[in-house]
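One file, query_15.txt, carrying compact mmCIF, C-alpha atoms and all ligand atoms:
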```txt
# COMPACT_ATOMS: atom_id res chain seq x y z
CA MET W 75 -77.71 -81.59 66.30
CA LYS W 76 -81.40 -82.48 66.42
CA VAL W 77 -83.89 -79.98 65.03
CA VAL W 78 -87.69 -79.94 65.30
CA ILE W 79 -89.65 -77.90 62.77
CA ALA W 80 -93.28 -76.97 62.12
CA SER W 81 -95.33 -74.40 60.26
CA ASP W 82 -98.92 -73.43 59.66
CA HIS W 83 -100.57 -73.25 56.22
CA GLY W 84 -99.01 -69.79 55.72
CA GLY W 85 -95.50 -71.16 56.19
CA LEU W 86 -95.81 -74.55 54.53
CA ASN W 87 -93.98 -73.72 51.28
CA LEU W 88 -91.00 -72.17 53.05
CA LYS W 89 -90.94 -75.05 55.53
CA ARG W 90 -90.60 -77.47 52.61
CA ILE W 91 -87.63 -75.47 51.30
CA VAL W 92 -86.02 -75.42 54.75
CA THR W 93 -86.52 -79.18 55.27
CA GLU W 94 -84.91 -79.83 51.86
CA TYR W 95 -81.97 -77.74 53.05
CA LEU W 96 -81.77 -79.71 56.33
CA THR W 97 -81.87 -82.98 54.39
CA ASP W 98 -79.09 -81.79 52.03
CA LYS W 99 -76.96 -80.78 55.03
CA LYS W 100 -77.63 -84.15 56.70
CA ILE W 101 -79.10 -82.42 59.75
CA ASP W 102 -81.32 -84.72 61.83
CA PHE W 103 -84.81 -83.17 61.98
CA THR W 104 -88.42 -83.98 62.78
CA ASP W 105 -91.27 -82.22 60.98
CA LEU W 106 -94.34 -81.90 63.23
CA GLY W 107 -96.52 -80.76 60.34
CA PRO W 108 -98.75 -79.78 58.77
CA ASP W 109 -98.19 -81.51 55.43
CA ASN W 110 -100.93 -79.79 53.43
CA THR W 111 -102.29 -76.26 52.97
CA ASP W 112 -105.53 -76.70 54.93
CA SER W 113 -106.01 -73.77 57.28
CA VAL W 114 -104.71 -74.50 60.80
CA ASP W 115 -104.06 -72.53 64.00
CA TYR W 116 -100.38 -71.68 64.47
CA PRO W 117 -100.38 -72.17 68.30
CA ASP W 118 -101.25 -75.85 67.76
CA TYR W 119 -97.92 -76.25 65.93
CA ALA W 120 -95.73 -73.76 67.80
CA LYS W 121 -96.47 -75.16 71.27
CA PRO W 122 -95.32 -78.77 70.65
CA VAL W 123 -92.09 -77.52 69.06
CA ALA W 124 -91.45 -75.19 72.01
CA GLU W 125 -92.18 -77.92 74.55
CA LYS W 126 -89.89 -80.44 72.86
CA VAL W 127 -87.02 -77.96 72.77
CA ALA W 128 -87.62 -76.92 76.39
CA ALA W 129 -87.67 -80.61 77.43
CA GLY W 130 -84.30 -81.17 75.73
CA GLU W 131 -85.68 -83.66 73.20
CA TYR W 132 -84.31 -81.41 70.45
CA ASP W 133 -81.45 -78.91 70.41
CA LYS W 134 -83.22 -76.33 68.29
CA GLY W 135 -86.62 -75.56 66.81
CA ILE W 136 -87.71 -73.77 63.65
CA LEU W 137 -91.21 -72.30 63.24
CA ILE W 138 -92.64 -70.76 60.08
CA CYS W 139 -96.00 -69.05 59.59
CA GLY W 140 -97.11 -66.17 57.39
CA THR W 141 -95.29 -63.53 59.40
CA GLY W 142 -93.49 -65.60 62.04
CA ILE W 143 -95.12 -63.37 64.66
CA GLY W 144 -97.83 -65.71 65.95
CA MET W 145 -95.37 -68.58 66.10
CA SER W 146 -92.79 -66.56 68.04
CA ILE W 147 -95.35 -65.14 70.50
CA THR W 148 -96.63 -68.66 71.19
CA ALA W 149 -93.22 -70.32 71.50
CA ASN W 150 -92.01 -67.72 74.00
CA LYS W 151 -94.82 -68.69 76.39
CA THR W 152 -92.95 -71.94 77.16
CA ARG W 153 -90.39 -71.58 79.94
CA GLY W 154 -86.89 -72.27 78.71
CA VAL W 155 -87.66 -71.27 75.14
CA ARG W 156 -85.96 -68.23 73.65
CA CYS W 157 -87.60 -67.80 70.28
CA ALA W 158 -86.22 -65.15 67.92
CA LEU W 159 -88.21 -63.79 64.98
CA VAL W 160 -85.52 -63.21 62.36
CA HIS W 161 -85.48 -62.09 58.73
CA ASP W 162 -81.84 -61.01 58.28
CA THR W 163 -78.47 -62.67 58.76
CA PHE W 164 -77.12 -60.00 61.17
CA SER W 165 -79.93 -60.74 63.62
CA ALA W 166 -79.60 -64.50 63.06
CA LYS W 167 -75.97 -64.33 64.14
CA ALA W 168 -76.57 -61.86 66.99
CA THR W 169 -79.47 -63.77 68.53
CA ARG W 170 -77.47 -66.96 68.72
CA ALA W 171 -74.31 -65.22 69.98
CA HIS W 172 -76.03 -62.96 72.51
CA ASN W 173 -79.45 -64.47 73.38
CA ASP W 174 -78.65 -68.17 72.92
CA SER W 175 -81.99 -68.41 71.09
CA ASN W 176 -83.12 -72.00 70.79
CA VAL W 177 -86.08 -71.50 68.45
CA LEU W 178 -86.05 -69.55 65.18
CA ALA W 179 -89.27 -68.07 63.74
CA MET W 180 -89.64 -66.75 60.20
CA GLY W 181 -92.50 -65.49 58.05
CA GLU W 182 -92.96 -66.94 54.57
CA ARG W 183 -94.85 -63.80 53.51
CA VAL W 184 -91.96 -61.61 54.68
CA ILE W 185 -88.76 -63.24 53.43
CA GLY W 186 -87.67 -64.86 50.16
CA PRO W 187 -86.39 -68.44 50.13
CA GLY W 188 -82.77 -67.52 49.34
CA LEU W 189 -82.39 -65.20 52.31
CA ALA W 190 -84.41 -67.56 54.53
CA LEU W 191 -81.89 -70.36 53.92
CA GLU W 192 -79.01 -67.99 54.71
CA VAL W 193 -80.79 -67.05 57.94
CA VAL W 194 -81.26 -70.73 58.84
CA ASP W 195 -77.64 -71.56 57.97
CA THR W 196 -76.27 -68.64 60.00
CA TRP W 197 -78.56 -69.35 62.96
CA LEU W 198 -77.74 -73.07 63.09
CA ASN W 199 -74.00 -72.46 62.79
CA THR W 200 -73.45 -69.62 65.26
CA GLU W 201 -72.45 -70.52 68.82
CA PHE W 202 -73.57 -68.69 71.97
CA GLU W 203 -70.75 -66.39 73.12
CA GLY W 204 -71.50 -66.78 76.84
CA GLY W 205 -69.45 -64.39 78.99
CA ARG W 206 -71.35 -61.19 79.74
CA HIS W 207 -74.37 -62.55 77.87
CA GLU W 208 -74.72 -65.53 80.21
CA LYS W 209 -76.13 -63.58 83.15
CA ARG W 210 -78.54 -61.73 80.87
CA VAL W 211 -79.94 -64.96 79.50
CA CYS W 212 -80.21 -66.27 83.08
CA LYS W 213 -82.24 -63.18 83.98
CA ILE W 214 -84.71 -64.01 81.21
CA GLU W 215 -85.27 -67.41 82.81
CA GLU W 216 -85.62 -65.85 86.29
C1 LIG W 301 -102.36 -67.09 58.89
O1 LIG W 301 -103.20 -66.42 58.01
C2 LIG W 301 -101.45 -66.09 59.58
O2 LIG W 301 -102.18 -65.30 60.48
C3 LIG W 301 -100.33 -66.79 60.27
O3 LIG W 301 -99.62 -67.57 59.36
C4 LIG W 301 -99.30 -65.92 60.96
O4 LIG W 301 -98.85 -64.90 60.12
C5 LIG W 301 -99.63 -65.45 62.30
O5 LIG W 301 -98.87 -64.76 62.98
```

How does this structure look as structure tokens?
Amino acid sequence: MKVVIASDHGGLNLKRIVTEYLTDKKIDFTDLGPDNTDSVDYPDYAKPVAEKVAAGEYDKGILICGTGIGMSITANKTRGVRCALVHDTFSAKATRAHNDSNVLAMGERVIGPGLALEVVDTWLNTEFEGGRHEKRVCKIEE
């Protein structure tokens, strides 16, 4: 699995924790930045992640800002991206199983690092169920 990840300044600390987790789990990832806490605009980081996932260059994307909201709104503007803003493990599992979400957004100012890693772990390791959910996901694309 290939993962692409980015944040803004508000999500940088949590992104570092998540990339350490990905490294520990030997998951292949690319970090599109930023690498310092200078103030940046979240769409400039969300859009490239969304486009790379939509193009099939990466299997999944992870976006982290202060709330996760700006990142998720931006990512969902790219056709083919189904970005889920998630701060609990129930939703992490459900959005993979039912929505086949391909981008995960989280807010560093919303969630602690322990739960965030459980969310990431659950989201990365839950398969899409297909079946009755398939036609619903197709309708999103239509
Ligand atoms: C940055 O201050 C903040 O607005 C951003 O990280 C995010 O929460 C936007 O949705």

Write as a PyMOL selection string the residues around ligand LIG 301 (chain W), taking 12 Å as the cut-off and counting all atoms listed in the file.
-> chain W and resi 80-88+111-120+137-149+159+179-184

Two-atom distance - atom CA of Leu191 of chain W, atom CA of Lys167 of chain W (Å) =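 Separation between atom CA of Leu191 of chain W and atom CA of Lys167 of chain W: 13.3 Å.
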
Contacts of segment 199-210 of chain W at 6 Å or less, counting all atoms listed in the file, minus same-chain residues fewer than 6 places along, as a ChimeraX atom specification?
-> /W:167,170-172,174

Just how far from atom CA of Glu131 of chain W is atom CA of Trp197 of chain W, in Å to one decimal?
-> 19.0 Å

For atom CA of Tyr132 of chain W and atom CA of Val78 of chain W, quote the distance in Å rounded to one decimal.
->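 Calculated distance between atom CA of Tyr132 of chain W and atom CA of Val78 of chain W is 6.3 Å.
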
Nearest-residue call for Lys126 of chain W, choices W:Ile79, W:Val194, W:Ala158, W:Val211, using only C-alpha atoms =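 Of the candidates, the smallest distance to Lys126 of chain W is held by W:Ile79.
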
With distances taken over only C-alpha atoms, which of W:Ala129, W:Arg153, W:Asn110, W:Lys134 is nearest to Leu178 of chain W?
-> W:Lys134

8 Å per side around segment 131-148 of chain W: axis-aligned box centre and edge lengths, as AutoDock Vina command-line options:
```
--center_x -89.6 --center_y -73.5 --center_z 65.3 --size_x 32.4 --size_y 36.3 --size_z 31.8
```

Using all atoms listed in the file: which of W:Ile136, W:Ala190, W:Met75, W:Val160 has the shortest distance to Gly107 of chain W |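 Nearest to Gly107 of chain W: W:Ile136.
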
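Distances to Phe103 of chain W were evaluated for W:Glu125, W:Asp133, W:Glu192, W:Asp162 using all atoms listed in the file, and the minimum falls at W:Asp133.
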
Asp98 of chain W surroundings by all atoms listed in the file, 12 Å radius, close-in-sequence under 6 positions cut, as a list of chain:residue names |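 Final neighbour list, sorted by chain and number: W:Ile91, W:Val92, W:Leu191, W:Asp195.
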
Which residue, W:His161, W:Arg156, W:Lys121, W:Lys100, has the smallest gap to Glu215 of chain W when you use all atoms listed in the file?
->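 Among the listed residues, W:Arg156 lies closest to Glu215 of chain W.
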
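Candidate residues W:Asp102, W:Val193, W:Gly135, W:Val123 were compared for distance to Ser165 of chain W, and the nearest is W:Val193, using only C-alpha atoms.
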